[in-house]
Amino acid sequence: MLSRRGMLSGMIAAGLWPARCWADVGGPRYLAAAQHTAGGYALHGVSVDGVSLFSVPLPTRGHAAAAHPSRAEAVAFARRPGTYAIVLDCLSGEVKAELTAPEGRHFYGHGAFSADGGLLFTTENDFETARGVVGVWDVAGGYTRLWEFSSGGVGPHELRLMPDGQTLAIGNGGIETHPEAGRAKLNIPFMAPNLTYVSLSGEILEQVAPPDAEHKNSMRHLAVGPDGQVALALQWQGEVTDAPALLMLHKRGQAPVWARAPEALHAAMEGYAGSVSFSGDGRQVGITSPRGGRVQVFDAASAAFQNEVLLRDVCGLAPGTDGFVASTGQGVFHALTDGQARVLQDQAVAWDNHIVPIGAATRPA
């Protein structure tokens with residue numbers, strides 16, 4: 001007997017059913033990649049309560065994904081230095097398209113859709129020239145490549161669409177890599193990270209960099225608040241004992257604000273912030289450290305440290321109903337509220353580094 005899911009998939013393929021929306025796959029709040037304890041990799045759609053509503057197999061380890069703003073469609077990216085990204089129909093589980101990085105390029109594991117879902121933007125490395133590139137793909141045309149523009153730096157990692165729908169924020173990590181060197185970092189002594197704002201046509205609008213003495217503070221992952229405030233999780237490439245702030249807050253046209261916990265707690269992060277997120281109401285910002293096994297939370301307005309939660313092997317972080325949700329390599333989804341962690345789900349998977357919100361997960365306070 002044909003399952004309801006199989007019947008719907010068949011009707012959709014035959015053009016007899018409207019385009020799938022996220023409600024058709026249970027209304028997931030997040031996307032998250034994972035390795036299953038029994039073997040294999042998958043991209044999961046996860047509810048606000050940490051329940052896996054669906055999973056779609058991935059050929060290798062995933063990193064992050066981009067969620068289409070209206071259709072139940074996701075682009076799963078290979079972990080750097082991967083050269084593929086796959087477009088998944090989250091209802092049927094089928095691969096709708098495969099994106100292949102142009103010759104001499106690799107993806108960095110992140111991407112973002114335009115507000116109307118018509119374009120996909122991907123961060124890429126032109127590794128022969130050590131140049132950061134943003135690829136632009138035509139969604140309606142079957143994810144064909146349209147053109148590209150400079151990311152404004154080296155090693156572009158995560159990019160996010162700003163609330164105006166016309167601007168991208170890009171975390172240029174500043175680290176040169178080359179596939180022949182694996183994941184080796186080739187330019188640490190003279191790396192130059194930055195946060196770059198670009199128009200959707202590729203015009204550089206504004207750039208922010210760390211102080212010269214802190215040029216080894218890699219800017220890779222970022223989050224955007226409902227008012228356009230950008231938060232960056234930083235990864236220090238120098239001596240751990242010298243680690244400067246691991247969180248930067250910025251609003252366009254203003255000076256950046258650097259946030260750090262009290263000295264002993266800051267040192268326990270071991271110079272590494274893996275993910276960053278605003279809380280569900282946008283009033284707080286959190287960063288995670290899988291090395292330090294902790295989540296640190298700051299006030300978004302003042303940058304003041306508020307609390308921390310100890311969680312083994314934590315990395316993924318996203319806005320929650322009341323605070324944050326966090327995921328670990330031990331398979332646990334947690335709700336974090338006021339410095340307290342509550343287990344939502346414990347599953348036989350190792351969650352990867354990021355939890356990707358579907359739609360506008362933060363709301364104005």
# chains A, B, ... in the order shown; residues from 1 in each chain; ligands from 1

$ select_by_dssp --residues "range 129-295 of chain A" --states "strand (DSSP E or B)" --output "number ranges by chain"
A: 131-138, 144-150, 156-161, 167-172, 194-199, 204-208, 217-224, 230-236, 247-250, 257-259, 272, 276-278, 284-289, 294-295

$ closest_atom_pairs --of "range 220-247 of chain A" --to "range 292-295 of chain A" --cutoff "12 Å" --atoms "only C-alpha atoms" --output "JSON lines"
{"residue": "A:Ala233", "atom": "CA", "partner": "A:Val295", "partner_atom": "CA", "distance": 11.7}
{"residue": "A:Val240", "atom": "CA", "partner": "A:Gly292", "partner_atom": "CA", "distance": 11.9}
{"residue": "A:Leu246", "atom": "CA", "partner": "A:Val295", "partner_atom": "CA", "distance": 11.9}

$ write_last_selection --atoms "N, CA, C and O atoms" --output "mmCIF file, in the first residue's frame"
data_model
loop_
_atom_site.group_PDB
_atom_site.id
_atom_site.type_symbol
_atom_site.label_atom_id
_atom_site.label_comp_id
_atom_site.auth_asym_id
_atom_site.auth_seq_id
_atom_site.Cartn_x
_atom_site.Cartn_y
_atom_site.Cartn_z
ATOM 1 N N ALA A 233 30.823 35.021 16.266
ATOM 2 C CA ALA A 233 31.591 34.120 17.118
ATOM 3 C C ALA A 233 33.012 34.078 16.576
ATOM 4 O O ALA A 233 33.216 33.852 15.380
ATOM 5 N N VAL A 240 46.505 30.349 23.186
ATOM 6 C CA VAL A 240 45.224 30.345 23.895
ATOM 7 C C VAL A 240 45.254 31.274 25.100
ATOM 8 O O VAL A 240 44.266 31.939 25.424
ATOM 9 N N LEU A 246 35.777 36.751 22.347
ATOM 10 C CA LEU A 246 35.307 35.765 21.378
ATOM 11 C C LEU A 246 33.922 36.094 20.836
ATOM 12 O O LEU A 246 33.326 35.293 20.117
#

$ residues_around --residues "range 269-284 of chain A" --least-positions-apart "3" --cutoff "8 Å" --atoms "only C-alpha atoms" --output "ChimeraX atom specification"
/A:221-226,231-237,240,243-244,246-247,265-266,287-294,297-301,315-324,353-354,361-365

$ residues_around --residues "range 203-206 of chain A" --least-positions-apart "4" --cutoff "12 Å" --atoms "only C-alpha atoms" --output "ChimeraX atom specification"
/A:134,148-153,166-170,194-199,250-255

$ write_last_selection --atoms "N, CA and C atoms" --output "tab-separated table (two decimals), in the first residue's frame"
chain	number	residue	atom	x	y	z
A	134	VAL	N	31.50	34.92	-3.42
A	134	VAL	CA	30.10	34.56	-3.18
A	134	VAL	C	29.50	34.15	-4.51
A	148	GLU	N	29.03	35.65	-9.86
A	148	GLU	CA	29.70	35.64	-8.56
A	148	GLU	C	30.26	37.03	-8.29
A	149	PHE	N	30.60	37.27	-7.03
A	149	PHE	CA	31.26	38.52	-6.67
A	149	PHE	C	32.18	38.29	-5.48
A	150	SER	N	33.05	39.25	-5.22
A	150	SER	CA	34.02	39.14	-4.14
A	150	SER	C	33.31	39.17	-2.78
A	151	SER	N	33.81	38.36	-1.85
A	151	SER	CA	33.27	38.38	-0.48
A	151	SER	C	33.85	39.53	0.33
A	152	GLY	N	34.87	40.20	-0.21
A	152	GLY	CA	35.51	41.28	0.52
A	152	GLY	C	36.63	40.84	1.44
A	153	GLY	N	37.08	39.59	1.28
A	153	GLY	CA	38.15	39.10	2.13
A	153	GLY	C	38.55	37.69	1.78
A	166	GLN	N	18.03	43.22	1.43
A	166	GLN	CA	18.84	43.75	0.33
A	166	GLN	C	20.34	43.65	0.59
A	167	THR	N	20.71	43.15	1.76
A	167	THR	CA	22.11	43.17	2.18
A	167	THR	C	22.50	41.82	2.75
A	168	LEU	N	23.73	41.39	2.47
A	168	LEU	CA	24.30	40.20	3.06
A	168	LEU	C	25.39	40.59	4.04
A	169	ALA	N	25.44	39.94	5.18
A	169	ALA	CA	26.55	40.06	6.12
A	169	ALA	C	27.40	38.81	5.97
A	170	ILE	N	28.70	38.99	5.79
A	170	ILE	CA	29.62	37.88	5.51
A	170	ILE	C	30.74	37.87	6.53
A	194	ASN	N	37.53	39.81	8.55
A	194	ASN	CA	36.66	40.96	8.63
A	194	ASN	C	35.20	40.55	8.52
A	195	LEU	N	34.34	41.45	8.94
A	195	LEU	CA	32.90	41.37	8.69
A	195	LEU	C	32.61	42.32	7.54
A	196	THR	N	32.01	41.79	6.48
A	196	THR	CA	31.72	42.60	5.30
A	196	THR	C	30.22	42.61	5.03
A	197	TYR	N	29.69	43.80	4.76
A	197	TYR	CA	28.31	43.94	4.31
A	197	TYR	C	28.34	44.23	2.81
A	198	VAL	N	27.57	43.47	2.06
A	198	VAL	CA	27.51	43.67	0.61
A	198	VAL	C	26.05	43.74	0.17
A	199	SER	N	25.82	44.46	-0.93
A	199	SER	CA	24.50	44.43	-1.56
A	199	SER	C	24.34	43.11	-2.29
A	250	HIS	N	27.83	44.23	16.39
A	250	HIS	CA	27.98	45.37	15.49
A	250	HIS	C	26.64	45.78	14.89
A	251	LYS	N	26.46	47.08	14.77
A	251	LYS	CA	25.37	47.65	13.99
A	251	LYS	C	25.99	48.56	12.93
A	252	ARG	N	25.43	48.53	11.75
A	252	ARG	CA	26.00	49.28	10.65
A	252	ARG	C	26.12	50.77	10.99
A	253	GLY	N	27.28	51.32	10.64
A	253	GLY	CA	27.54	52.73	10.90
A	253	GLY	C	28.07	53.02	12.28
A	254	GLN	N	28.22	51.98	13.11
A	254	GLN	CA	28.71	52.18	14.47
A	254	GLN	C	30.01	51.40	14.68
A	255	ALA	N	30.68	51.70	15.76
A	255	ALA	CA	31.90	50.98	16.12
A	255	ALA	C	31.53	49.61	16.67

$ atom_distance --atom1 "CA of Gly117 in chain A" --atom2 "CA of Trp22 in chain A"
13.5 Å

$ residues_around --residues "Thr100 in chain A" --least-positions-apart "2" --cutoff "9 Å" --atoms "only C-alpha atoms" --output "list of chain:residue names"
A:Thr83, A:Tyr84, A:Ala85, A:Ile86, A:Glu98, A:Pro102, A:Glu103, A:His106, A:Phe107

$ residues_around --residues "range 326-342 of chain A" --least-positions-apart "4" --cutoff "7 Å" --atoms "only C-alpha atoms" --output "PDB file with N, CA, C and O atoms, in the first residue's frame"
ATOM      1  N   GLY A  50      12.860  19.970  19.879  1.00  0.00           N
ATOM      2  CA  GLY A  50      13.996  19.086  19.668  1.00  0.00           C
ATOM      3  C   GLY A  50      13.670  17.760  19.035  1.00  0.00           C
ATOM      4  O   GLY A  50      14.534  16.874  18.971  1.00  0.00           O
ATOM      5  N   ASN A 307      25.385  34.893  31.940  1.00  0.00           N
ATOM      6  CA  ASN A 307      25.467  33.569  32.574  1.00  0.00           C
ATOM      7  C   ASN A 307      26.158  32.599  31.630  1.00  0.00           C
ATOM      8  O   ASN A 307      26.404  32.920  30.456  1.00  0.00           O
ATOM      9  N   GLU A 308      26.472  31.428  32.156  1.00  0.00           N
ATOM     10  CA  GLU A 308      26.978  30.354  31.308  1.00  0.00           C
ATOM     11  C   GLU A 308      26.378  29.029  31.751  1.00  0.00           C
ATOM     12  O   GLU A 308      25.961  28.862  32.907  1.00  0.00           O
ATOM     13  N   VAL A 309      26.334  28.090  30.794  1.00  0.00           N
ATOM     14  CA  VAL A 309      25.826  26.745  31.040  1.00  0.00           C
ATOM     15  C   VAL A 309      26.888  25.756  30.573  1.00  0.00           C
ATOM     16  O   VAL A 309      27.434  25.904  29.475  1.00  0.00           O
ATOM     17  N   ASP A 313      30.559  18.839  24.887  1.00  0.00           N
ATOM     18  CA  ASP A 313      30.588  18.764  23.425  1.00  0.00           C
ATOM     19  C   ASP A 313      29.463  19.569  22.776  1.00  0.00           C
ATOM     20  O   ASP A 313      28.882  19.169  21.778  1.00  0.00           O
ATOM     21  N   VAL A 314      29.166  20.737  23.317  1.00  0.00           N
ATOM     22  CA  VAL A 314      28.111  21.576  22.765  1.00  0.00           C
ATOM     23  C   VAL A 314      28.663  22.421  21.629  1.00  0.00           C
ATOM     24  O   VAL A 314      29.800  22.879  21.679  1.00  0.00           O
ATOM     25  N   CYS A 315      27.873  22.619  20.583  1.00  0.00           N
ATOM     26  CA  CYS A 315      28.279  23.545  19.533  1.00  0.00           C
ATOM     27  C   CYS A 315      27.074  24.243  18.910  1.00  0.00           C
ATOM     28  O   CYS A 315      27.035  25.454  18.815  1.00  0.00           O
ATOM     29  N   GLY A 316      26.062  23.494  18.463  1.00  0.00           N
ATOM     30  CA  GLY A 316      24.916  24.112  17.800  1.00  0.00           C
ATOM     31  C   GLY A 316      24.139  25.010  18.748  1.00  0.00           C
ATOM     32  O   GLY A 316      23.934  24.675  19.916  1.00  0.00           O
ATOM     33  N   LEU A 317      23.687  26.167  18.228  1.00  0.00           N
ATOM     34  CA  LEU A 317      22.925  27.115  19.040  1.00  0.00           C
ATOM     35  C   LEU A 317      21.960  27.854  18.134  1.00  0.00           C
ATOM     36  O   LEU A 317      22.310  28.240  17.015  1.00  0.00           O
ATOM     37  N   ALA A 318      20.734  28.063  18.612  1.00  0.00           N
ATOM     38  CA  ALA A 318      19.707  28.749  17.825  1.00  0.00           C
ATOM     39  C   ALA A 318      18.692  29.381  18.762  1.00  0.00           C
ATOM     40  O   ALA A 318      18.614  29.033  19.950  1.00  0.00           O
ATOM     41  N   ASP A 322      11.907  30.292  24.565  1.00  0.00           N
ATOM     42  CA  ASP A 322      12.216  31.112  25.729  1.00  0.00           C
ATOM     43  C   ASP A 322      13.711  31.013  25.992  1.00  0.00           C
ATOM     44  O   ASP A 322      14.157  30.252  26.846  1.00  0.00           O
ATOM     45  N   ASP A 346      17.044  13.283  23.532  1.00  0.00           N
ATOM     46  CA  ASP A 346      18.332  12.593  23.533  1.00  0.00           C
ATOM     47  C   ASP A 346      18.241  11.496  22.481  1.00  0.00           C
ATOM     48  O   ASP A 346      17.474  10.541  22.643  1.00  0.00           O
ATOM     49  N   GLN A 347      18.998  11.640  21.393  1.00  0.00           N
ATOM     50  CA  GLN A 347      18.848  10.745  20.259  1.00  0.00           C
ATOM     51  C   GLN A 347      20.175  10.077  19.914  1.00  0.00           C
ATOM     52  O   GLN A 347      21.247  10.546  20.310  1.00  0.00           O
ATOM     53  N   ALA A 348      20.104   9.002  19.148  1.00  0.00           N
ATOM     54  CA  ALA A 348      21.283   8.218  18.783  1.00  0.00           C
ATOM     55  C   ALA A 348      21.989   8.823  17.582  1.00  0.00           C
ATOM     56  O   ALA A 348      22.175   8.183  16.539  1.00  0.00           O
ATOM     57  N   VAL A 349      22.392  10.081  17.732  1.00  0.00           N
ATOM     58  CA  VAL A 349      23.107  10.787  16.675  1.00  0.00           C
ATOM     59  C   VAL A 349      24.185  11.648  17.317  1.00  0.00           C
ATOM     60  O   VAL A 349      24.150  11.913  18.523  1.00  0.00           O
ATOM     61  N   ALA A 350      25.121  12.077  16.496  1.00  0.00           N
ATOM     62  CA  ALA A 350      26.073  13.102  16.906  1.00  0.00           C
ATOM     63  C   ALA A 350      25.732  14.341  16.098  1.00  0.00           C
ATOM     64  O   ALA A 350      25.978  14.397  14.891  1.00  0.00           O
ATOM     65  N   TRP A 351      25.114  15.325  16.738  1.00  0.00           N
ATOM     66  CA  TRP A 351      24.748  16.541  16.029  1.00  0.00           C
ATOM     67  C   TRP A 351      26.003  17.278  15.593  1.00  0.00           C
ATOM     68  O   TRP A 351      26.986  17.351  16.327  1.00  0.00           O
ATOM     69  N   ASP A 352      25.964  17.816  14.382  1.00  0.00           N
ATOM     70  CA  ASP A 352      27.108  18.565  13.880  1.00  0.00           C
ATOM     71  C   ASP A 352      27.105  19.980  14.459  1.00  0.00           C
ATOM     72  O   ASP A 352      26.354  20.278  15.378  1.00  0.00           O
TER      73      ASP A 352
END

$ closest_residue --among "A:Arg80, A:Gly165, A:Gly228, A:Trp147" --to "Arg183 in chain A" --atoms "only C-alpha atoms"
A:Arg80

$ residues_around --residues "Leu58 in chain A" --least-positions-apart "4" --cutoff "8 Å" --atoms "only C-alpha atoms" --output "list in words"
Gly40, Tyr41, Ala42, Leu43 and Gly62 of chain A

$ atom_distance --atom1 "CA of Arg160 in chain A" --atom2 "CA of Thr122 in chain A"
10.2 Å

$ closest_residue --among "A:Ala64, A:Val75, A:Leu91, A:Val208" --to "Ala23 in chain A" --atoms "only C-alpha atoms"
A:Leu91

$ select_by_dssp --residues "range 149-217 of chain A" --states "helix (DSSP H, G or I)" --output "list in words"
Pro179, Glu180, Ala181, Ile188, Pro189, Phe190, Asp212, Ala213 and Glu214 of chain A

$ closest_residue --among "A:Glu176, A:Asp242, A:Asp227, A:Asp116" --to "Ala140 in chain A" --atoms "only C-alpha atoms"
A:Asp116

$ closest_residue --among "A:Asp49, A:Asp212, A:Glu94, A:Asp138" --to "Val343 in chain A" --atoms "only C-alpha atoms"
A:Asp49
